[in-house]
$ cat structure-v3.csv   # CSV, C-alpha atoms
chain,number,residue,atom,x,y,z
A,136,MET,CA,11.2,-3.2,12.3
A,137,PRO,CA,13.8,-4.8,9.9
A,138,TYR,CA,16.9,-2.8,10.8
A,139,GLN,CA,20.7,-2.6,10.5
A,140,SER,CA,22.6,0.4,11.7
A,141,GLY,CA,24.1,2.8,9.3
A,142,SER,CA,27.1,3.4,11.4
A,143,GLY,CA,30.6,2.7,10.1
A,144,ASP,CA,31.2,-0.4,12.2
A,145,ALA,CA,27.9,-2.1,11.4
A,146,SER,CA,28.0,-5.6,9.8
A,147,GLY,CA,25.6,-8.4,9.2
A,148,TYR,CA,23.0,-9.7,6.7
A,149,ASN,CA,19.9,-8.4,5.0
A,150,PRO,CA,17.0,-8.5,7.6
A,151,THR,CA,14.2,-10.9,6.8
A,152,MET,CA,10.8,-11.2,8.4
A,153,LYS,CA,7.8,-13.4,7.7
A,154,ILE,CA,4.5,-13.2,9.4
A,155,SER,CA,1.9,-16.0,8.8
A,156,ASN,CA,-1.6,-16.7,9.9
A,157,SER,CA,-1.7,-13.8,12.3
A,158,LYS,CA,-4.0,-10.9,13.3
A,159,LEU,CA,-2.1,-7.8,14.3
A,160,THR,CA,-3.7,-4.5,15.3
A,161,LEU,CA,-1.8,-1.3,16.0
A,162,THR,CA,-3.2,0.9,18.7
A,163,SER,CA,-1.4,4.1,17.6
A,164,ASP,CA,-3.0,6.4,15.0
A,165,GLU,CA,0.4,7.4,13.8
A,166,ALA,CA,2.5,4.3,13.8
A,167,VAL,CA,3.6,2.6,10.6
A,168,PHE,CA,3.0,-1.1,10.5
A,169,CYS,CA,6.4,-1.9,9.0
A,170,GLU,CA,9.2,0.6,9.4
A,171,VAL,CA,12.5,-0.1,7.6
A,172,PRO,CA,15.3,2.2,8.8
A,173,THR,CA,18.1,0.1,7.3
A,174,ALA,CA,21.5,0.3,5.6
A,175,VAL,CA,20.9,-3.0,3.7
A,176,ASP,CA,18.0,-4.5,1.7
A,177,ALA,CA,15.1,-5.8,3.8
A,178,TYR,CA,12.7,-8.7,3.0
A,179,VAL,CA,9.2,-8.9,4.5
A,180,THR,CA,6.5,-11.5,3.7
A,181,LEU,CA,2.9,-11.3,5.0
A,182,ASP,CA,1.0,-14.5,4.4
A,183,ASN,CA,-2.7,-15.0,5.4
A,184,ASP,CA,-2.6,-12.1,7.9
A,185,VAL,CA,-5.1,-9.5,9.1
A,186,ILE,CA,-3.3,-6.2,9.6
A,187,THR,CA,-4.9,-3.2,11.0
A,188,ALA,CA,-2.9,0.1,10.9
A,189,PRO,CA,-5.0,3.1,11.8
A,190,SER,CA,-2.3,5.4,10.3
A,191,GLY,CA,-3.1,4.0,6.9
A,192,VAL,CA,0.6,3.3,6.2
A,193,LEU,CA,1.6,-0.4,5.7
A,194,ALA,CA,5.3,0.2,5.2
A,195,TYR,CA,7.8,3.1,5.2
A,196,VAL,CA,11.5,2.9,4.2
A,197,HIS,CA,13.9,5.6,5.4
A,198,THR,CA,17.4,4.7,4.4
A,199,ASN,CA,18.9,8.2,4.5
A,200,SER,CA,16.7,10.2,6.9
A,201,ASN,CA,18.6,9.3,10.0
A,202,TRP,CA,22.2,9.4,8.7
A,203,SER,CA,24.3,11.7,6.6
A,204,ASN,CA,25.3,8.9,4.2
A,205,SER,CA,23.3,7.7,1.2
A,206,ASN,CA,22.2,4.1,1.4
A,207,GLU,CA,19.7,3.7,-1.5
A,208,LYS,CA,18.4,0.4,-0.2
A,209,GLN,CA,15.2,-1.4,-0.8
A,210,LEU,CA,12.3,-3.2,0.9
A,211,PHE,CA,11.1,-6.3,-0.9
A,212,LEU,CA,7.5,-6.9,0.3
A,213,SER,CA,5.6,-10.0,-0.6
A,214,LEU,CA,1.8,-10.0,0.1
A,215,LYS,CA,0.1,-13.4,0.1
A,216,ASN,CA,-3.3,-15.0,0.8
A,217,GLY,CA,-5.3,-12.1,2.2
A,218,THR,CA,-6.6,-8.6,1.9
A,219,TYR,CA,-4.1,-5.9,3.0
A,220,THR,CA,-4.7,-2.1,3.3
A,221,GLY,CA,-2.2,0.7,3.5
A,222,ALA,CA,0.3,2.9,1.8
A,223,LEU,CA,3.9,2.0,0.8
A,224,ASN,CA,6.2,5.1,1.1
A,225,HIS,CA,9.8,5.9,1.4
A,226,ASP,CA,12.3,8.8,1.6
A,227,ALA,CA,14.4,10.1,-1.3
A,228,THR,CA,16.9,7.2,-1.3
A,229,GLY,CA,14.8,4.3,-0.3
A,230,ASN,CA,12.6,2.3,-2.6
A,231,ILE,CA,10.1,-0.6,-2.5
A,232,SER,CA,9.3,-3.6,-4.6
A,233,VAL,CA,5.9,-5.2,-3.8
A,234,SER,CA,4.5,-8.4,-5.2
A,235,LEU,CA,0.9,-9.7,-4.8
A,236,ASP,CA,0.1,-13.3,-5.2
A,237,ALA,CA,-3.0,-14.6,-7.0
A,238,ASN,CA,-5.0,-14.8,-3.8
A,239,THR,CA,-4.2,-11.3,-2.6
A,240,VAL,CA,-6.0,-8.0,-2.6
A,241,TRP,CA,-4.1,-4.9,-1.7
A,242,GLN,CA,-5.8,-1.5,-1.3
A,243,GLY,CA,-3.3,1.3,-1.1
A,244,THR,CA,-0.7,3.4,-2.8
A,245,ILE,CA,3.0,3.3,-3.5
A,246,ASN,CA,5.3,6.3,-3.5
A,247,SER,CA,2.4,8.7,-3.2
A,248,ASP,CA,4.8,11.6,-2.6
A,249,ASN,CA,6.5,10.8,-5.9
A,250,ASN,CA,10.0,10.6,-4.4
A,251,THR,CA,12.6,9.8,-7.0
A,252,ASN,CA,15.9,8.0,-6.8
A,253,THR,CA,18.3,6.0,-8.9
A,254,ASP,CA,16.5,2.7,-8.1
A,255,ALA,CA,13.0,1.7,-9.1
A,256,ASP,CA,9.8,1.2,-7.2
A,257,THR,CA,8.3,-2.0,-8.6
A,258,VAL,CA,4.8,-3.5,-8.3
A,259,VAL,CA,4.2,-7.0,-9.6
A,260,VAL,CA,0.5,-7.9,-9.6
A,261,ASN,CA,-0.8,-11.5,-9.8
A,262,GLY,CA,-3.8,-10.7,-7.6
A,263,THR,CA,-5.7,-7.4,-7.3
A,264,TRP,CA,-4.5,-3.9,-6.5
A,265,ILE,CA,-7.1,-1.3,-5.7
A,266,MET,CA,-5.7,2.2,-5.5
A,267,ASP,CA,-7.0,4.7,-3.0
A,268,GLY,CA,-4.7,7.6,-3.9
A,269,ALA,CA,-2.1,8.7,-6.5
A,270,SER,CA,0.8,6.2,-7.1
A,271,TYR,CA,4.1,6.6,-8.8
A,272,PRO,CA,5.9,3.3,-9.3
A,273,ASP,CA,8.7,3.1,-11.8
A,274,VAL,CA,7.9,-0.4,-12.9
A,275,LEU,CA,4.4,-2.0,-13.1
A,276,ILE,CA,4.0,-5.6,-14.1
A,277,ILE,CA,0.5,-7.0,-14.3
A,278,ASN,CA,0.7,-10.8,-15.0
A,279,ALA,CA,-2.1,-12.9,-16.4
A,280,GLY,CA,-5.0,-12.9,-14.0
A,281,GLY,CA,-3.7,-9.8,-12.3
A,282,LYS,CA,-6.0,-6.8,-11.9
A,283,VAL,CA,-5.2,-3.1,-11.2
A,284,TYR,CA,-8.0,-0.6,-10.5
A,285,THR,CA,-6.9,3.0,-10.3
A,286,ASN,CA,-10.3,4.2,-9.0
A,287,GLY,CA,-9.8,7.4,-11.0
A,288,TYR,CA,-6.5,8.3,-9.2
A,289,THR,CA,-3.3,9.1,-10.9
A,290,LEU,CA,-1.1,6.1,-11.8
A,291,SER,CA,2.3,7.1,-13.3
A,292,TYR,CA,5.0,4.7,-14.3
A,293,THR,CA,8.0,4.5,-16.6
A,294,SER,CA,7.6,0.9,-17.6
A,295,LEU,CA,4.4,-1.2,-18.0
A,296,THR,CA,4.0,-4.9,-18.7
A,297,ASN,CA,0.3,-5.6,-18.9
A,298,ASN,CA,-0.9,-9.2,-19.5
A,299,GLY,CA,-3.9,-8.8,-17.1
A,300,THR,CA,-6.4,-6.0,-16.4
A,301,LEU,CA,-5.7,-2.3,-16.0
A,302,ASN,CA,-8.9,-0.4,-15.2
A,303,THR,CA,-8.6,3.4,-14.9
A,304,THR,CA,-12.1,4.2,-13.6
A,305,SER,CA,-13.5,1.4,-11.4
A,306,THR,CA,-12.6,0.2,-7.9
A,307,GLY,CA,-13.1,-3.4,-8.9
A,308,VAL,CA,-15.1,-3.9,-5.7
A,309,THR,CA,-18.3,-5.8,-6.3
A,310,GLY,CA,-21.3,-3.6,-5.7
A,311,ILE,CA,-19.5,-0.3,-5.2
A,312,ASP,CA,-21.2,1.2,-8.2
A,313,GLU,CA,-24.5,0.3,-6.7
A,314,VAL,CA,-23.5,1.8,-3.4
A,315,ALA,CA,-22.4,5.0,-5.2
A,316,THR,CA,-25.9,5.2,-6.7
A,317,LYS,CA,-27.5,4.7,-3.4
A,318,ALA,CA,-25.4,7.5,-1.9
A,319,LYS,CA,-25.9,10.0,-4.7
A,320,SER,CA,-28.2,12.1,-2.6
A,321,THR,CA,-26.6,15.1,-0.9
A,322,ASN,CA,-27.8,14.3,2.6
A,323,GLY,CA,-24.2,14.0,3.8
A,324,LYS,CA,-24.5,10.3,4.9
A,325,VAL,CA,-21.4,8.1,4.5
A,326,TYR,CA,-21.4,4.5,3.4
A,327,ARG,CA,-18.8,1.7,3.3
A,328,ILE,CA,-18.3,0.1,0.0
A,329,ASP,CA,-20.6,-2.7,1.1
A,330,GLY,CA,-23.4,-0.3,1.5
A,331,THR,CA,-23.4,0.0,5.3
A,332,GLU,CA,-24.0,3.5,6.6
A,333,VAL,CA,-21.3,4.7,9.0
A,334,ASP,CA,-20.7,7.6,11.4
A,335,GLU,CA,-18.3,10.0,9.7
A,336,ASN,CA,-16.6,10.7,13.0
A,337,SER,CA,-15.7,7.0,13.5
A,338,MET,CA,-14.3,6.3,10.0
A,339,HIS,CA,-11.1,4.3,9.8
A,340,SER,CA,-8.7,4.1,6.9
A,341,GLY,CA,-10.4,2.9,3.7
A,342,ILE,CA,-12.7,3.8,0.8
A,343,TYR,CA,-16.1,5.3,1.5
A,344,ILE,CA,-19.0,6.9,-0.4
A,345,LYS,CA,-20.4,10.3,0.4
A,346,ASP,CA,-22.9,12.2,-1.7
A,347,GLY,CA,-22.2,9.8,-4.6
A,348,LYS,CA,-18.5,10.4,-4.5
A,349,LYS,CA,-15.7,8.0,-3.4
A,350,ILE,CA,-13.6,9.3,-0.6
A,351,ALA,CA,-10.4,7.8,0.9
A,352,ARG,CA,-9.7,8.1,4.6
A,353,PHE,CA,-6.0,7.5,5.7
$ encode --input "structure-v3.csv" --output "C-alpha coordinates"
Amino acid sequence: MPYQSGSGDASGYNPTMKISNSKLTLTSDEAVFCEVPTAVDAYVTLDNDVITAPSGVLAYVHTNSNWSNSNEKQLFLSLKNGTYTGALNHDATGNISVSLDANTVWQGTINSDNNTNTDADTVVVNGTWIMDGASYPDVLIINAGGKVYTNGYTLSYTSLTNNGTLNTTSTGVTGIDEVATKAKSTNGKVYRIDGTEVDENSMHSGIYIKDGKKIARF
(Lines of atoms letter the chains of each structure in order from A and count residues from 1; the text may use other names and numbers.)
(Lines give C-alpha, C1' and ligand atoms only; values in the text may rest on other atoms or scores of the structure.)
Protein backbone atom coordinates (compact mmCIF):
# COMPACT_ATOMS: atom_id res chain seq x y z
CA MET A 1 0.00 0.00 0.00
CA PRO A 2 1.86 3.13 -1.20
CA TYR A 3 0.58 5.73 1.22
CA GLN A 4 1.02 9.22 2.58
CA SER A 5 -1.47 10.78 4.94
CA GLY A 6 -3.76 13.53 3.73
CA SER A 7 -3.63 15.34 7.05
CA GLY A 8 -2.37 18.88 7.22
CA ASP A 9 0.86 18.02 9.03
CA ALA A 10 1.91 15.25 6.61
CA SER A 11 5.21 15.57 4.76
CA GLY A 12 7.53 13.33 2.83
CA TYR A 13 8.21 11.96 -0.63
CA ASN A 14 6.31 10.15 -3.34
CA PRO A 15 5.98 6.48 -2.30
CA THR A 16 7.82 4.04 -4.57
CA MET A 17 7.53 0.25 -4.63
CA LYS A 18 9.18 -2.35 -6.87
CA ILE A 19 8.43 -6.08 -6.73
CA SER A 20 10.63 -8.40 -8.80
CA ASN A 21 10.81 -12.16 -9.44
CA SER A 22 8.05 -12.91 -6.93
CA LYS A 23 4.87 -14.94 -6.64
CA LEU A 24 2.16 -13.29 -4.58
CA THR A 25 -1.33 -14.66 -3.92
CA LEU A 26 -4.10 -12.85 -2.05
CA THR A 27 -6.37 -15.03 0.07
CA SER A 28 -9.23 -12.53 0.24
CA ASP A 29 -11.88 -12.47 -2.49
CA GLU A 30 -12.35 -8.73 -1.94
CA ALA A 31 -8.85 -7.34 -1.42
CA VAL A 32 -7.20 -5.16 -4.04
CA PHE A 33 -3.62 -6.18 -4.83
CA CYS A 34 -2.30 -2.61 -4.79
CA GLU A 35 -4.27 0.04 -2.89
CA VAL A 36 -3.12 3.64 -3.18
CA PRO A 37 -4.74 5.95 -0.60
CA THR A 38 -2.29 8.78 -1.02
CA ALA A 39 -1.94 12.55 -1.02
CA VAL A 40 1.06 12.37 -3.37
CA ASP A 41 1.90 10.55 -6.60
CA ALA A 42 2.83 6.88 -6.22
CA TYR A 43 5.16 4.74 -8.34
CA VAL A 44 4.83 0.95 -8.56
CA THR A 45 6.82 -1.48 -10.73
CA LEU A 46 6.01 -5.17 -11.16
CA ASP A 47 8.82 -7.07 -12.88
CA ASN A 48 8.65 -10.79 -13.67
CA ASP A 49 6.00 -11.46 -11.04
CA VAL A 50 3.05 -13.82 -10.73
CA ILE A 51 0.18 -11.97 -9.07
CA THR A 52 -3.07 -13.67 -8.10
CA ALA A 53 -5.88 -11.40 -6.92
CA PRO A 54 -9.24 -13.20 -6.68
CA SER A 55 -11.00 -9.82 -6.50
CA GLY A 56 -9.96 -9.16 -10.09
CA VAL A 57 -8.61 -5.72 -9.14
CA LEU A 58 -4.91 -5.14 -9.63
CA ALA A 59 -4.85 -1.55 -8.37
CA TYR A 60 -7.22 1.04 -6.93
CA VAL A 61 -6.42 4.70 -6.26
CA HIS A 62 -8.58 6.65 -3.82
CA THR A 63 -7.05 10.06 -3.26
CA ASN A 64 -10.18 11.82 -2.09
CA SER A 65 -12.47 9.12 -0.68
CA ASN A 66 -11.06 9.26 2.86
CA TRP A 67 -10.57 13.01 3.24
CA SER A 68 -12.56 16.18 2.61
CA ASN A 69 -9.76 17.71 0.53
CA SER A 70 -9.16 17.17 -3.18
CA ASN A 71 -5.79 15.61 -3.96
CA GLU A 72 -5.99 14.67 -7.65
CA LYS A 73 -2.93 12.44 -7.46
CA GLN A 74 -1.74 9.62 -9.67
CA LEU A 75 -0.44 6.06 -9.68
CA PHE A 76 2.33 5.40 -12.17
CA LEU A 77 2.30 1.63 -12.74
CA SER A 78 4.96 -0.16 -14.77
CA LEU A 79 4.31 -3.79 -15.81
CA LYS A 80 7.35 -5.74 -17.00
CA ASN A 81 8.30 -9.27 -18.05
CA GLY A 82 5.18 -11.23 -17.28
CA THR A 83 1.45 -11.77 -17.62
CA TYR A 84 -0.70 -9.70 -15.29
CA THR A 85 -4.45 -9.83 -14.75
CA GLY A 86 -6.72 -7.32 -13.08
CA ALA A 87 -8.58 -4.05 -13.31
CA LEU A 88 -7.09 -0.60 -12.68
CA ASN A 89 -9.65 1.71 -11.07
CA HIS A 90 -9.80 4.97 -9.12
CA ASP A 91 -12.13 7.42 -7.47
CA ALA A 92 -13.24 10.75 -8.96
CA THR A 93 -9.96 12.57 -8.23
CA GLY A 94 -7.38 9.80 -8.66
CA ASN A 95 -5.93 8.63 -11.95
CA ILE A 96 -3.59 5.98 -13.29
CA SER A 97 -0.83 5.82 -15.88
CA VAL A 98 0.16 2.28 -16.82
CA SER A 99 2.95 1.19 -19.15
CA LEU A 100 3.53 -2.29 -20.56
CA ASP A 101 6.98 -3.31 -21.73
CA ALA A 102 7.55 -5.45 -24.83
CA ASN A 103 7.59 -8.70 -22.83
CA THR A 104 4.34 -8.06 -20.97
CA VAL A 105 0.74 -9.19 -21.38
CA TRP A 106 -1.92 -7.42 -19.35
CA GLN A 107 -5.49 -8.71 -19.24
CA GLY A 108 -7.77 -6.18 -17.64
CA THR A 109 -9.50 -2.82 -17.74
CA ILE A 110 -8.73 0.76 -16.80
CA ASN A 111 -11.26 3.20 -15.36
CA SER A 112 -14.14 0.83 -16.08
CA ASP A 113 -16.51 3.08 -14.09
CA ASN A 114 -15.62 5.99 -16.39
CA ASN A 115 -14.70 8.34 -13.54
CA THR A 116 -13.55 11.68 -14.89
CA ASN A 117 -11.18 14.27 -13.47
CA THR A 118 -8.84 17.04 -14.54
CA ASP A 119 -5.90 14.69 -15.09
CA ALA A 120 -5.63 11.86 -17.61
CA ASP A 121 -5.59 8.09 -17.36
CA THR A 122 -2.86 6.95 -19.72
CA VAL A 123 -2.03 3.55 -21.20
CA VAL A 124 1.29 3.07 -23.00
CA VAL A 125 1.51 -0.28 -24.77
CA ASN A 126 4.77 -1.82 -25.92
CA GLY A 127 3.55 -5.35 -25.19
CA THR A 128 -0.01 -6.72 -25.30
CA TRP A 129 -3.19 -5.46 -23.64
CA ILE A 130 -6.21 -7.81 -23.72
CA MET A 131 -9.38 -6.15 -22.46
CA ASP A 132 -11.93 -8.15 -20.48
CA GLY A 133 -14.37 -5.26 -19.96
CA ALA A 134 -15.09 -1.68 -20.94
CA SER A 135 -12.19 0.78 -20.54
CA TYR A 136 -12.07 4.57 -20.55
CA PRO A 137 -8.49 5.87 -20.66
CA ASP A 138 -7.92 9.47 -21.70
CA VAL A 139 -4.69 8.78 -23.56
CA LEU A 140 -3.83 5.55 -25.40
CA ILE A 141 -0.38 5.15 -26.91
CA ILE A 142 0.37 1.97 -28.86
CA ASN A 143 4.02 1.93 -29.82
CA ALA A 144 5.57 -0.13 -32.59
CA GLY A 145 5.14 -3.81 -31.71
CA GLY A 146 2.41 -3.04 -29.19
CA LYS A 147 -0.95 -4.78 -29.48
CA VAL A 148 -4.36 -3.95 -28.03
CA TYR A 149 -7.26 -6.39 -28.30
CA THR A 150 -10.60 -4.98 -27.18
CA ASN A 151 -12.30 -8.40 -27.32
CA GLY A 152 -15.46 -6.60 -28.45
CA TYR A 153 -15.66 -4.40 -25.34
CA THR A 154 -16.01 -0.63 -25.35
CA LEU A 155 -12.71 1.27 -25.58
CA SER A 156 -13.12 5.04 -25.33
CA TYR A 157 -10.29 7.58 -25.36
CA THR A 158 -9.71 11.25 -26.11
CA SER A 159 -6.26 10.81 -27.64
CA LEU A 160 -4.84 7.89 -29.64
CA THR A 161 -1.33 7.38 -30.97
CA ASN A 162 -1.27 4.09 -32.84
CA ASN A 163 1.95 2.75 -34.30
CA GLY A 164 1.11 -0.86 -33.46
CA THR A 165 -2.03 -3.00 -33.58
CA LEU A 166 -5.53 -2.07 -32.38
CA ASN A 167 -7.91 -4.99 -32.91
CA THR A 168 -11.51 -4.32 -31.91
CA THR A 169 -12.88 -7.87 -32.27
CA SER A 170 -10.31 -10.46 -31.22
CA THR A 171 -8.79 -11.45 -27.89
CA GLY A 172 -5.37 -11.96 -29.41
CA VAL A 173 -5.04 -15.23 -27.50
CA THR A 174 -3.79 -18.06 -29.68
CA GLY A 175 -6.49 -20.66 -30.17
CA ILE A 176 -9.36 -18.83 -28.50
CA ASP A 177 -11.35 -18.75 -31.73
CA GLU A 178 -10.97 -22.51 -31.98
CA VAL A 179 -12.10 -22.84 -28.37
CA ALA A 180 -15.13 -20.69 -29.09
CA THR A 181 -16.02 -22.98 -31.98
CA LYS A 182 -15.64 -26.01 -29.72
CA ALA A 183 -17.94 -24.45 -27.14
CA LYS A 184 -20.67 -23.29 -29.53
CA SER A 185 -23.04 -25.98 -28.37
CA THR A 186 -25.62 -24.91 -25.82
CA ASN A 187 -24.79 -27.63 -23.32
CA GLY A 188 -23.80 -25.04 -20.71
CA LYS A 189 -20.22 -26.25 -20.35
CA VAL A 190 -17.52 -23.71 -19.57
CA TYR A 191 -14.02 -23.70 -21.07
CA ARG A 192 -10.82 -21.81 -20.38
CA ILE A 193 -9.27 -20.01 -23.33
CA ASP A 194 -6.86 -22.94 -23.71
CA GLY A 195 -9.79 -25.29 -24.31
CA THR A 196 -9.84 -26.95 -20.88
CA GLU A 197 -13.30 -27.59 -19.46
CA VAL A 198 -13.85 -26.12 -15.97
CA ASP A 199 -16.48 -26.28 -13.26
CA GLU A 200 -18.48 -23.05 -13.42
CA ASN A 201 -18.66 -22.94 -9.62
CA SER A 202 -14.86 -22.89 -9.31
CA MET A 203 -14.10 -20.20 -11.88
CA HIS A 204 -11.55 -17.54 -10.89
CA SER A 205 -11.09 -14.14 -12.54
CA GLY A 206 -10.36 -14.31 -16.26
CA ILE A 207 -11.90 -14.92 -19.68
CA TYR A 208 -13.93 -18.08 -20.35
CA ILE A 209 -16.07 -19.51 -23.14
CA LYS A 210 -19.65 -20.68 -22.56
CA ASP A 211 -22.12 -21.63 -25.27
CA GLY A 212 -19.82 -20.10 -27.87
CA LYS A 213 -19.65 -16.74 -26.12
CA LYS A 214 -16.76 -15.13 -24.25
CA ILE A 215 -17.54 -14.29 -20.63
CA ALA A 216 -15.41 -12.46 -18.07
CA ARG A 217 -15.30 -13.42 -14.42
CA PHE A 218 -14.05 -10.78 -11.94
$ closest_residue --input "structure-v3.csv" --among "A:Val333, A:Val259, A:Val192, A:Val325" --to "Asn297 (chain A)" --atoms "all atoms listed in the file"
A:Val259
$ atom_distance --input "structure-v3.csv" --atom1 "CA of Val240 (chain A)" --atom2 "CA of Gly281 (chain A)"
10.1 Å
$ atom_distance --input "structure-v3.csv" --atom1 "CA of Asn286 (chain A)" --atom2 "CA of Thr304 (chain A)"
4.9 Å
$ closest_residue --input "structure-v3.csv" --among "A:Val260, A:Leu301, A:Val175, A:Ala269" --to "Gly243 (chain A)" --atoms "only C-alpha atoms"
A:Ala269
$ closest_residue --input "structure-v3.csv" --among "A:Gly299, A:Gly323, A:Pro272, A:Pro189" --to "Asn250 (chain A)" --atoms "all atoms listed in the file"
A:Pro272
$ residues_around --input "structure-v3.csv" --residues "Tyr195 (chain A)" --least-positions-apart "5" --cutoff "10 Å" --atoms "only C-alpha atoms" --output "PDB file with C-alpha atoms, in the frame of the given file"
ATOM      1  CA  VAL A 167       3.600   2.600  10.600  1.00  0.00           C
ATOM      2  CA  PHE A 168       3.000  -1.100  10.500  1.00  0.00           C
ATOM      3  CA  CYS A 169       6.400  -1.900   9.000  1.00  0.00           C
ATOM      4  CA  GLU A 170       9.200   0.600   9.400  1.00  0.00           C
ATOM      5  CA  VAL A 171      12.500  -0.100   7.600  1.00  0.00           C
ATOM      6  CA  PRO A 172      15.300   2.200   8.800  1.00  0.00           C
ATOM      7  CA  LEU A 210      12.300  -3.200   0.900  1.00  0.00           C
ATOM      8  CA  ALA A 222       0.300   2.900   1.800  1.00  0.00           C
ATOM      9  CA  LEU A 223       3.900   2.000   0.800  1.00  0.00           C
ATOM     10  CA  ASN A 224       6.200   5.100   1.100  1.00  0.00           C
ATOM     11  CA  HIS A 225       9.800   5.900   1.400  1.00  0.00           C
ATOM     12  CA  ASP A 226      12.300   8.800   1.600  1.00  0.00           C
ATOM     13  CA  GLY A 229      14.800   4.300  -0.300  1.00  0.00           C
ATOM     14  CA  ASN A 230      12.600   2.300  -2.600  1.00  0.00           C
ATOM     15  CA  ILE A 231      10.100  -0.600  -2.500  1.00  0.00           C
ATOM     16  CA  ILE A 245       3.000   3.300  -3.500  1.00  0.00           C
ATOM     17  CA  ASN A 246       5.300   6.300  -3.500  1.00  0.00           C
TER      18      ASN A 246
END
$ atom_distance --input "structure-v3.csv" --atom1 "CA of Thr244 (chain A)" --atom2 "CA of Tyr271 (chain A)"
8.3 Å
$ residues_around --input "structure-v3.csv" --residues "Tyr284 (chain A)" --least-positions-apart "4" --cutoff "9 Å" --atoms "all atoms listed in the file" --output "list in words"
Thr263, Trp264, Ile265, Met266, Thr300, Leu301, Asn302, Thr303, Thr304, Ser305, Thr306 and Gly307 of chain A
$ closest_residue --input "structure-v3.csv" --among "A:Ser234, A:Thr151, A:Asn336, A:Thr293" --to "Thr251 (chain A)" --atoms "all atoms listed in the file"
A:Thr293
